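Q: Coordinates in protein_20.pdb, PDB, C-alpha atoms, pLDDT in the B column, are listed below.
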```
MODEL        1
ATOM      1  CA  MET A   1      56.135 -61.891 -32.990  1.00 48.00           C
ATOM      2  CA  ALA A   2      55.454 -64.538 -30.354  1.00 52.00           C
ATOM      3  CA  HIS A   3      58.029 -62.883 -28.083  1.00 55.00           C
ATOM      4  CA  GLN A   4      56.313 -59.501 -28.467  1.00 63.00           C
ATOM      5  CA  GLU A   5      52.946 -61.100 -27.691  1.00 63.00           C
ATOM      6  CA  SER A   6      54.365 -62.760 -24.577  1.00 77.00           C
ATOM      7  CA  ASP A   7      55.901 -59.447 -23.442  1.00 88.00           C
ATOM      8  CA  MET A   8      52.600 -57.609 -23.848  1.00 90.00           C
ATOM      9  CA  LYS A   9      50.676 -60.313 -21.982  1.00 92.00           C
ATOM     10  CA  ILE A  10      53.031 -60.111 -18.998  1.00 93.00           C
ATOM     11  CA  LYS A  11      52.877 -56.289 -19.073  1.00 94.00           C
ATOM     12  CA  ILE A  12      49.081 -56.493 -18.820  1.00 95.00           C
ATOM     13  CA  VAL A  13      49.246 -58.990 -15.959  1.00 95.00           C
ATOM     14  CA  LEU A  14      51.827 -56.891 -14.071  1.00 95.00           C
ATOM     15  CA  ALA A  15      49.771 -53.738 -14.566  1.00 96.00           C
ATOM     16  CA  ALA A  16      46.635 -55.487 -13.312  1.00 96.00           C
ATOM     17  CA  LYS A  17      48.480 -56.840 -10.262  1.00 95.00           C
ATOM     18  CA  LYS A  18      49.701 -53.359  -9.369  1.00 95.00           C
ATOM     19  CA  LEU A  19      46.298 -51.699  -9.825  1.00 95.00           C
ATOM     20  CA  PHE A  20      44.283 -54.443  -8.117  1.00 93.00           C
ATOM     21  CA  ALA A  21      46.655 -54.232  -5.124  1.00 91.00           C
ATOM     22  CA  GLU A  22      46.304 -50.437  -4.945  1.00 90.00           C
ATOM     23  CA  HIS A  23      42.615 -49.928  -5.734  1.00 91.00           C
ATOM     24  CA  GLY A  24      40.930 -53.326  -5.644  1.00 90.00           C
ATOM     25  CA  TYR A  25      39.531 -55.441  -8.457  1.00 92.00           C
ATOM     26  CA  ASP A  26      36.147 -53.711  -8.724  1.00 92.00           C
ATOM     27  CA  ALA A  27      37.622 -50.191  -8.737  1.00 92.00           C
ATOM     28  CA  THR A  28      40.045 -51.032 -11.557  1.00 94.00           C
ATOM     29  CA  SER A  29      38.860 -50.896 -15.161  1.00 94.00           C
ATOM     30  CA  VAL A  30      40.244 -52.715 -18.181  1.00 94.00           C
ATOM     31  CA  ARG A  31      41.057 -49.304 -19.649  1.00 94.00           C
ATOM     32  CA  GLN A  32      43.164 -48.397 -16.582  1.00 96.00           C
ATOM     33  CA  ILE A  33      45.014 -51.716 -16.817  1.00 96.00           C
ATOM     34  CA  CYS A  34      45.791 -51.130 -20.483  1.00 94.00           C
ATOM     35  CA  GLU A  35      46.894 -47.533 -19.879  1.00 94.00           C
ATOM     36  CA  GLU A  36      49.248 -48.766 -17.160  1.00 95.00           C
ATOM     37  CA  ALA A  37      50.576 -51.509 -19.460  1.00 94.00           C
ATOM     38  CA  GLY A  38      50.759 -49.319 -22.575  1.00 92.00           C
ATOM     39  CA  ALA A  39      48.436 -51.746 -24.347  1.00 91.00           C
ATOM     40  CA  ASN A  40      45.430 -51.490 -26.630  1.00 90.00           C
ATOM     41  CA  VAL A  41      42.189 -52.045 -24.679  1.00 90.00           C
ATOM     42  CA  ALA A  42      41.135 -54.828 -27.059  1.00 91.00           C
ATOM     43  CA  LEU A  43      44.154 -56.928 -26.051  1.00 91.00           C
ATOM     44  CA  VAL A  44      42.675 -57.903 -22.660  1.00 92.00           C
ATOM     45  CA  SER A  45      39.802 -59.656 -24.423  1.00 90.00           C
ATOM     46  CA  TYR A  46      42.092 -61.012 -27.122  1.00 90.00           C
ATOM     47  CA  TYR A  47      44.668 -62.520 -24.765  1.00 91.00           C
ATOM     48  CA  PHE A  48      42.599 -63.332 -21.692  1.00 93.00           C
ATOM     49  CA  GLY A  49      38.897 -63.107 -22.492  1.00 92.00           C
ATOM     50  CA  GLY A  50      38.231 -60.443 -19.852  1.00 91.00           C
ATOM     51  CA  LYS A  51      39.290 -58.857 -16.584  1.00 94.00           C
ATOM     52  CA  GLU A  52      38.479 -61.849 -14.370  1.00 92.00           C
ATOM     53  CA  SER A  53      40.751 -64.085 -16.421  1.00 94.00           C
ATOM     54  CA  VAL A  54      43.540 -61.542 -15.949  1.00 94.00           C
ATOM     55  CA  PHE A  55      42.928 -61.795 -12.195  1.00 93.00           C
ATOM     56  CA  HIS A  56      43.297 -65.587 -12.300  1.00 91.00           C
ATOM     57  CA  GLU A  57      46.413 -65.289 -14.466  1.00 93.00           C
ATOM     58  CA  ILE A  58      48.048 -63.144 -11.753  1.00 94.00           C
ATOM     59  CA  PHE A  59      47.769 -66.057  -9.308  1.00 89.00           C
ATOM     60  CA  HIS A  60      48.866 -68.562 -11.929  1.00 88.00           C
ATOM     61  CA  GLN A  61      51.986 -66.510 -12.664  1.00 89.00           C
ATOM     62  CA  PHE A  62      52.932 -65.153  -9.249  1.00 89.00           C
ATOM     63  CA  PHE A  63      51.462 -67.143  -6.367  1.00 86.00           C
ATOM     64  CA  PRO A  64      54.331 -69.357  -5.107  1.00 83.00           C
ATOM     65  CA  SER A  65      52.361 -72.544  -4.386  1.00 78.00           C
ATOM     66  CA  HIS A  66      55.461 -74.666  -5.077  1.00 76.00           C
ATOM     67  CA  LYS A  67      57.452 -72.908  -2.342  1.00 74.00           C
ATOM     68  CA  LEU A  68      54.724 -73.395   0.243  1.00 76.00           C
ATOM     69  CA  SER A  69      53.982 -77.017  -0.668  1.00 75.00           C
ATOM     70  CA  GLY A  70      57.693 -77.788  -0.271  1.00 77.00           C
ATOM     71  CA  LEU A  71      57.304 -77.104   3.468  1.00 82.00           C
ATOM     72  CA  PHE A  72      54.554 -79.655   4.011  1.00 85.00           C
ATOM     73  CA  ASP A  73      56.920 -82.579   4.564  1.00 88.00           C
ATOM     74  CA  ILE A  74      58.251 -81.092   7.816  1.00 92.00           C
ATOM     75  CA  GLU A  75      56.658 -83.080  10.635  1.00 94.00           C
ATOM     76  CA  ASP A  76      58.422 -81.462  13.588  1.00 96.00           C
ATOM     77  CA  PRO A  77      55.901 -78.848  14.832  1.00 96.00           C
ATOM     78  CA  VAL A  78      58.495 -76.282  15.902  1.00 96.00           C
ATOM     79  CA  GLU A  79      60.634 -76.582  12.771  1.00 96.00           C
ATOM     80  CA  GLY A  80      57.500 -76.569  10.611  1.00 95.00           C
ATOM     81  CA  ILE A  81      56.166 -73.358  12.170  1.00 96.00           C
ATOM     82  CA  LYS A  82      59.604 -71.732  11.876  1.00 96.00           C
ATOM     83  CA  ALA A  83      59.879 -72.718   8.200  1.00 94.00           C
ATOM     84  CA  ILE A  84      56.410 -71.416   7.341  1.00 93.00           C
ATOM     85  CA  ILE A  85      57.047 -68.110   9.145  1.00 93.00           C
ATOM     86  CA  LYS A  86      60.286 -67.666   7.219  1.00 93.00           C
ATOM     87  CA  GLU A  87      58.817 -68.532   3.820  1.00 91.00           C
ATOM     88  CA  ILE A  88      55.700 -66.382   4.230  1.00 90.00           C
ATOM     89  CA  ILE A  89      57.747 -63.361   5.299  1.00 90.00           C
ATOM     90  CA  LEU A  90      60.111 -63.855   2.344  1.00 90.00           C
ATOM     91  CA  ILE A  91      57.114 -64.039  -0.006  1.00 87.00           C
ATOM     92  CA  ARG A  92      55.473 -61.051   1.684  1.00 86.00           C
ATOM     93  CA  ASN A  93      58.606 -58.914   1.331  1.00 87.00           C
ATOM     94  CA  LYS A  94      59.378 -60.045  -2.205  1.00 89.00           C
ATOM     95  CA  ASP A  95      55.870 -59.423  -3.572  1.00 89.00           C
ATOM     96  CA  PRO A  96      53.885 -57.042  -1.343  1.00 87.00           C
ATOM     97  CA  GLN A  97      51.464 -56.379  -4.223  1.00 90.00           C
ATOM     98  CA  MET A  98      50.322 -60.002  -4.186  1.00 89.00           C
ATOM     99  CA  ILE A  99      49.766 -59.909  -0.424  1.00 86.00           C
ATOM    100  CA  SER A 100      47.857 -56.610  -0.682  1.00 87.00           C
ATOM    101  CA  LEU A 101      45.727 -58.034  -3.473  1.00 89.00           C
ATOM    102  CA  ILE A 102      44.840 -61.111  -1.406  1.00 88.00           C
ATOM    103  CA  GLN A 103      44.092 -59.004   1.678  1.00 85.00           C
ATOM    104  CA  MET A 104      41.902 -56.656  -0.381  1.00 85.00           C
ATOM    105  CA  GLU A 105      39.867 -59.567  -1.733  1.00 87.00           C
ATOM    106  CA  ILE A 106      39.448 -61.047   1.765  1.00 86.00           C
ATOM    107  CA  ILE A 107      38.334 -57.718   3.249  1.00 84.00           C
ATOM    108  CA  MET A 108      35.845 -57.173   0.415  1.00 84.00           C
ATOM    109  CA  ALA A 109      34.576 -60.789   0.662  1.00 86.00           C
ATOM    110  CA  SER A 110      34.707 -60.800  -3.115  1.00 88.00           C
ATOM    111  CA  PRO A 111      33.168 -63.431  -5.400  1.00 89.00           C
ATOM    112  CA  ARG A 112      36.743 -64.482  -6.229  1.00 89.00           C
ATOM    113  CA  ILE A 113      37.447 -65.527  -2.634  1.00 89.00           C
ATOM    114  CA  GLU A 114      37.081 -69.255  -3.363  1.00 89.00           C
ATOM    115  CA  LYS A 115      39.950 -69.068  -5.854  1.00 85.00           C
ATOM    116  CA  ILE A 116      42.113 -67.495  -3.146  1.00 87.00           C
ATOM    117  CA  ARG A 117      41.019 -70.049  -0.537  1.00 89.00           C
ATOM    118  CA  ALA A 118      42.032 -72.885  -2.854  1.00 88.00           C
ATOM    119  CA  LEU A 119      45.545 -71.422  -3.067  1.00 85.00           C
ATOM    120  CA  VAL A 120      46.225 -70.279   0.499  1.00 86.00           C
ATOM    121  CA  PHE A 121      44.278 -72.792   2.589  1.00 89.00           C
ATOM    122  CA  PRO A 122      46.750 -75.671   2.154  1.00 90.00           C
ATOM    123  CA  ALA A 123      49.388 -73.555   3.946  1.00 89.00           C
ATOM    124  CA  TRP A 124      46.918 -72.420   6.620  1.00 91.00           C
ATOM    125  CA  GLU A 125      45.728 -75.989   7.139  1.00 94.00           C
ATOM    126  CA  ARG A 126      49.341 -76.993   7.591  1.00 94.00           C
ATOM    127  CA  VAL A 127      49.816 -74.292  10.245  1.00 95.00           C
ATOM    128  CA  ARG A 128      46.711 -75.604  12.026  1.00 97.00           C
ATOM    129  CA  TYR A 129      48.019 -79.180  11.839  1.00 97.00           C
ATOM    130  CA  LEU A 130      51.408 -78.159  13.267  1.00 97.00           C
ATOM    131  CA  LEU A 131      49.800 -76.155  16.078  1.00 97.00           C
ATOM    132  CA  GLU A 132      47.574 -79.071  17.022  1.00 97.00           C
ATOM    133  CA  LYS A 133      50.438 -81.562  16.833  1.00 97.00           C
ATOM    134  CA  GLY A 134      52.741 -79.270  18.817  1.00 96.00           C
ATOM    135  CA  ARG A 135      50.160 -78.922  21.584  1.00 96.00           C
ATOM    136  CA  ARG A 136      49.534 -82.667  21.672  1.00 96.00           C
ATOM    137  CA  GLU A 137      53.274 -83.397  21.904  1.00 95.00           C
ATOM    138  CA  GLY A 138      53.809 -80.822  24.654  1.00 94.00           C
ATOM    139  CA  TYR A 139      55.753 -78.214  22.693  1.00 96.00           C
ATOM    140  CA  PHE A 140      52.969 -75.609  22.564  1.00 96.00           C
ATOM    141  CA  HIS A 141      50.591 -74.504  25.307  1.00 96.00           C
ATOM    142  CA  PHE A 142      47.419 -72.615  24.388  1.00 95.00           C
ATOM    143  CA  ASP A 143      43.670 -72.910  24.929  1.00 94.00           C
ATOM    144  CA  SER A 144      41.790 -72.385  21.671  1.00 97.00           C
ATOM    145  CA  LEU A 145      43.213 -73.849  18.479  1.00 97.00           C
ATOM    146  CA  ASP A 146      40.971 -71.631  16.325  1.00 97.00           C
ATOM    147  CA  SER A 147      41.917 -68.396  18.105  1.00 96.00           C
ATOM    148  CA  THR A 148      45.605 -69.329  18.154  1.00 97.00           C
ATOM    149  CA  LEU A 149      45.522 -70.092  14.442  1.00 96.00           C
ATOM    150  CA  MET A 150      44.101 -66.615  13.780  1.00 94.00           C
ATOM    151  CA  PHE A 151      46.739 -64.969  16.013  1.00 93.00           C
ATOM    152  CA  VAL A 152      49.559 -66.793  14.225  1.00 93.00           C
ATOM    153  CA  LEU A 153      48.205 -66.025  10.755  1.00 91.00           C
ATOM    154  CA  GLY A 154      47.769 -62.394  11.784  1.00 88.00           C
ATOM    155  CA  SER A 155      51.411 -62.215  12.793  1.00 87.00           C
ATOM    156  CA  ILE A 156      52.876 -63.800   9.693  1.00 86.00           C
ATOM    157  CA  PHE A 157      50.476 -63.020   6.866  1.00 77.00           C
ATOM    158  CA  PHE A 158      48.082 -60.233   7.761  1.00 66.00           C
ATOM    159  CA  TYR A 159      50.979 -58.010   8.753  1.00 61.00           C
ATOM    160  CA  LYS A 160      49.849 -54.391   8.855  1.00 56.00           C
ATOM    161  CA  GLN A 161      51.307 -51.924   6.396  1.00 65.00           C
ATOM    162  CA  ARG A 162      54.316 -50.406   8.153  1.00 71.00           C
ATOM    163  CA  ASP A 163      54.104 -47.092   6.302  1.00 75.00           C
ATOM    164  CA  PHE A 164      50.813 -46.226   8.014  1.00 78.00           C
ATOM    165  CA  PHE A 165      52.388 -46.668  11.461  1.00 81.00           C
ATOM    166  CA  GLU A 166      55.722 -45.049  10.632  1.00 83.00           C
ATOM    167  CA  PRO A 167      55.093 -41.911  12.792  1.00 88.00           C
ATOM    168  CA  LEU A 168      54.926 -44.169  15.871  1.00 88.00           C
ATOM    169  CA  PHE A 169      58.317 -45.797  15.272  1.00 87.00           C
ATOM    170  CA  SER A 170      61.702 -44.703  16.576  1.00 90.00           C
ATOM    171  CA  GLU A 171      63.885 -47.520  15.201  1.00 89.00           C
ATOM    172  CA  PRO A 172      65.103 -47.927  11.616  1.00 88.00           C
ATOM    173  CA  ARG A 173      63.158 -50.274   9.347  1.00 84.00           C
ATOM    174  CA  PRO A 174      64.397 -53.811  10.113  1.00 87.00           C
ATOM    175  CA  GLU A 175      66.011 -56.075   7.543  1.00 91.00           C
ATOM    176  CA  THR A 176      64.077 -59.135   6.362  1.00 89.00           C
ATOM    177  CA  GLY A 177      66.220 -61.500   8.448  1.00 93.00           C
ATOM    178  CA  THR A 178      65.504 -59.466  11.566  1.00 93.00           C
ATOM    179  CA  ILE A 179      61.755 -59.504  10.854  1.00 91.00           C
ATOM    180  CA  ILE A 180      61.867 -63.288  10.452  1.00 93.00           C
ATOM    181  CA  GLN A 181      63.776 -63.700  13.729  1.00 95.00           C
ATOM    182  CA  GLN A 182      61.547 -61.293  15.668  1.00 93.00           C
ATOM    183  CA  THR A 183      58.328 -62.805  14.301  1.00 93.00           C
ATOM    184  CA  THR A 184      59.512 -66.338  15.043  1.00 95.00           C
ATOM    185  CA  THR A 185      60.423 -65.405  18.625  1.00 95.00           C
ATOM    186  CA  TYR A 186      57.095 -63.609  19.100  1.00 94.00           C
ATOM    187  CA  VAL A 187      55.010 -66.499  17.749  1.00 96.00           C
ATOM    188  CA  LEU A 188      56.869 -69.217  19.671  1.00 96.00           C
ATOM    189  CA  ASN A 189      56.622 -67.216  22.906  1.00 95.00           C
ATOM    190  CA  ALA A 190      52.901 -66.687  22.288  1.00 94.00           C
ATOM    191  CA  LEU A 191      52.513 -70.452  21.792  1.00 96.00           C
ATOM    192  CA  GLY A 192      54.147 -71.092  25.168  1.00 94.00           C
ATOM    193  CA  TYR A 193      56.858 -73.036  23.366  1.00 93.00           C
ATOM    194  CA  GLN A 194      58.970 -75.263  25.560  1.00 77.00           C
ATOM    195  CA  SER A 195      61.577 -77.604  24.176  1.00 72.00           C
ATOM    196  CA  LYS A 196      61.410 -81.199  25.398  1.00 62.00           C
ATOM    197  CA  GLY A 197      64.587 -80.649  27.429  1.00 54.00           C
ATOM    198  CA  GLU A 198      63.081 -77.860  29.547  1.00 50.00           C
TER     199      GLU A 198
ENDMDL
END
```
Go through the file and emit its structure as C-alpha cells.
A:
Amino acid sequence: MAHQESDMKIKIVLAAKKLFAEHGYDATSVRQICEEAGANVALVSYYFGGKESVFHEIFHQFFPSHKLSGLFDIEDPVEGIKAIIKEIILIRNKDPQMISLIQMEIIMASPRIEKIRALVFPAWERVRYLLEKGRREGYFHFDSLDSTLMFVLGSIFFYKQRDFFEPLFSEPRPETGTIIQQTTTYVLNALGYQSKGE
C-alpha cells in the first residue's frame, strides 16, 4: 500500500512538472494535474495540501542542488567557470522541463520567485565570484561585472528554445558534449580570457 501511495505521489509531481513547464503554474489546474497523472482530484489535497505544495515538491525532488554545490570548492576562476558551464548544460539537457518551469516563473515574476532565488542564487553568486576573481587575477577582461554576469547566465542557463529557431539552422542538432565545448569557448572568448602564460 505504501508503495502504491509513493507511486501515485510521484506521478502527481511529474504531471505537475510537465504541465507547469508547458503552461505555467497559474494556467494549470489541480484537475489537469490529476488527469495527467491518472489520479483522483482529492489526492492533491490529501498528499500535498494543495497545488503550491506540489510546486515546492517538484524542486525538492528534482532540483539538483547537491550537484551545483559540489562545484563551489573550485577556486581557480577558469576551471570554476568551465565546471559550472558543463554542469548547467548537463542539467538543462537532462531536465528541460525544470529549466522551462524556472524560466516561466522568472518571466511571470510570480509570487513563488523567492523560492526559486533561494535555490539558484548560490550558483549564480558563485559565477559572480569567479568572474570577479578572474578579472582581479588577470584571467578575464571586461568592464561591467553586472552586465557580464547577465551575459554569462544568458549563455548557459537562459538558453533559447532551439525548436523555435530551427528554420534558421543548417547544421544538425549538436550533441551535448559539443554544446558544452562551444558554450565554454564562447564564454571564455567573451570574457577576454588569457592564460597566465600568454
Q: Once the PyMOL selection byres ((chain A and resi 85-92) around 12) is applied to the coordinates I shared, what remains selected? I want it as a PyMOL selection string.
A: chain A and resi 62-72+78-84+93-103+120+123-124+126-127+152-161+175-188
Q: Nearest to A:Arg117: which of A:Tyr46, A:Phe59, A:Lys11, A:Ser170 is it, counting only C-alpha atoms?
A: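 Once distances to A:Arg117 are computed over only C-alpha atoms, the minimum belongs to A:Phe59.
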Q: I need the residue nearest A:Ile10 from this list: A:Met150, A:Val30, A:Ile116, A:Ala37. Use all atoms listed in the file for the distance.
A: A:Ala37
Q: Write out as a ChimeraX atom specification the residues lying within 12 Å of A:Arg31, counting only C-alpha atoms and excluding same-chain residues fewer than 2 positions away.
A: /A:12,15-16,19,27-29,33-45,50-51
Q: Counting only C-alpha atoms, which residue out of A:His141, A:Lys133, A:Arg173, A:Arg162 sits closest to A:Asp76?
A: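 Using only C-alpha atoms, the shortest distance to A:Asp76 belongs to A:Lys133.
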Q: Go through A:Ile106, A:Leu119, A:Ile113, A:Ala190 one by one, measure the shortest atom-to-atom distance of each to A:Leu149 using only C-alpha atoms, and give the residue with the smallest value.
A: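 Smallest distance to A:Leu149 is found for A:Ala190.
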Q: Which residue is closest to A:Ile107? Choose from A:Glu132, A:Ser147, A:Gly24, A:Asp163 and count only C-alpha atoms.
A: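 Counting only C-alpha atoms, the residue closest to A:Ile107 is A:Gly24.
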Q: Using only C-alpha atoms, which of the listed residues (A:Ser6, A:Ser195, A:Ala21, A:Asp143) sits closest to A:Met104?
A: A:Ala21
Q: My structure is short of atoms at stretch 77-90 of chain A; please model N, CA and C atoms there, returning them as a CSV table (one decimal), keeping the file's coordinate frame.
A:
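Below is the file out-v6.csv, written as the result:
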```csv
chain,number,residue,atom,x,y,z
A,77,PRO,N,56.8,-80.0,14.7
A,77,PRO,CA,55.9,-78.8,14.8
A,77,PRO,C,56.7,-77.5,14.9
A,78,VAL,N,57.7,-77.5,15.7
A,78,VAL,CA,58.5,-76.3,15.9
A,78,VAL,C,59.2,-75.9,14.6
A,79,GLU,N,59.9,-76.9,14.0
A,79,GLU,CA,60.6,-76.6,12.8
A,79,GLU,C,59.7,-76.2,11.6
A,80,GLY,N,58.5,-76.9,11.6
A,80,GLY,CA,57.5,-76.6,10.6
A,80,GLY,C,57.0,-75.2,10.7
A,81,ILE,N,56.6,-74.7,12.0
A,81,ILE,CA,56.2,-73.4,12.2
A,81,ILE,C,57.3,-72.4,11.8
A,82,LYS,N,58.5,-72.6,12.2
A,82,LYS,CA,59.6,-71.7,11.9
A,82,LYS,C,59.8,-71.6,10.4
A,83,ALA,N,59.7,-72.7,9.7
A,83,ALA,CA,59.9,-72.7,8.2
A,83,ALA,C,58.8,-72.0,7.5
A,84,ILE,N,57.5,-72.1,8.0
A,84,ILE,CA,56.4,-71.4,7.3
A,84,ILE,C,56.5,-69.9,7.6
A,85,ILE,N,56.9,-69.5,8.8
A,85,ILE,CA,57.0,-68.1,9.1
A,85,ILE,C,58.1,-67.5,8.2
A,86,LYS,N,59.2,-68.2,8.1
A,86,LYS,CA,60.3,-67.7,7.2
A,86,LYS,C,59.8,-67.5,5.8
A,87,GLU,N,59.2,-68.6,5.2
A,87,GLU,CA,58.8,-68.5,3.8
A,87,GLU,C,57.7,-67.5,3.5
A,88,ILE,N,56.8,-67.4,4.4
A,88,ILE,CA,55.7,-66.4,4.2
A,88,ILE,C,56.3,-65.0,4.3
A,89,ILE,N,57.2,-64.7,5.2
A,89,ILE,CA,57.7,-63.4,5.3
A,89,ILE,C,58.6,-63.1,4.1
A,90,LEU,N,59.3,-64.0,3.6
A,90,LEU,CA,60.1,-63.9,2.3
A,90,LEU,C,59.2,-63.5,1.2
```
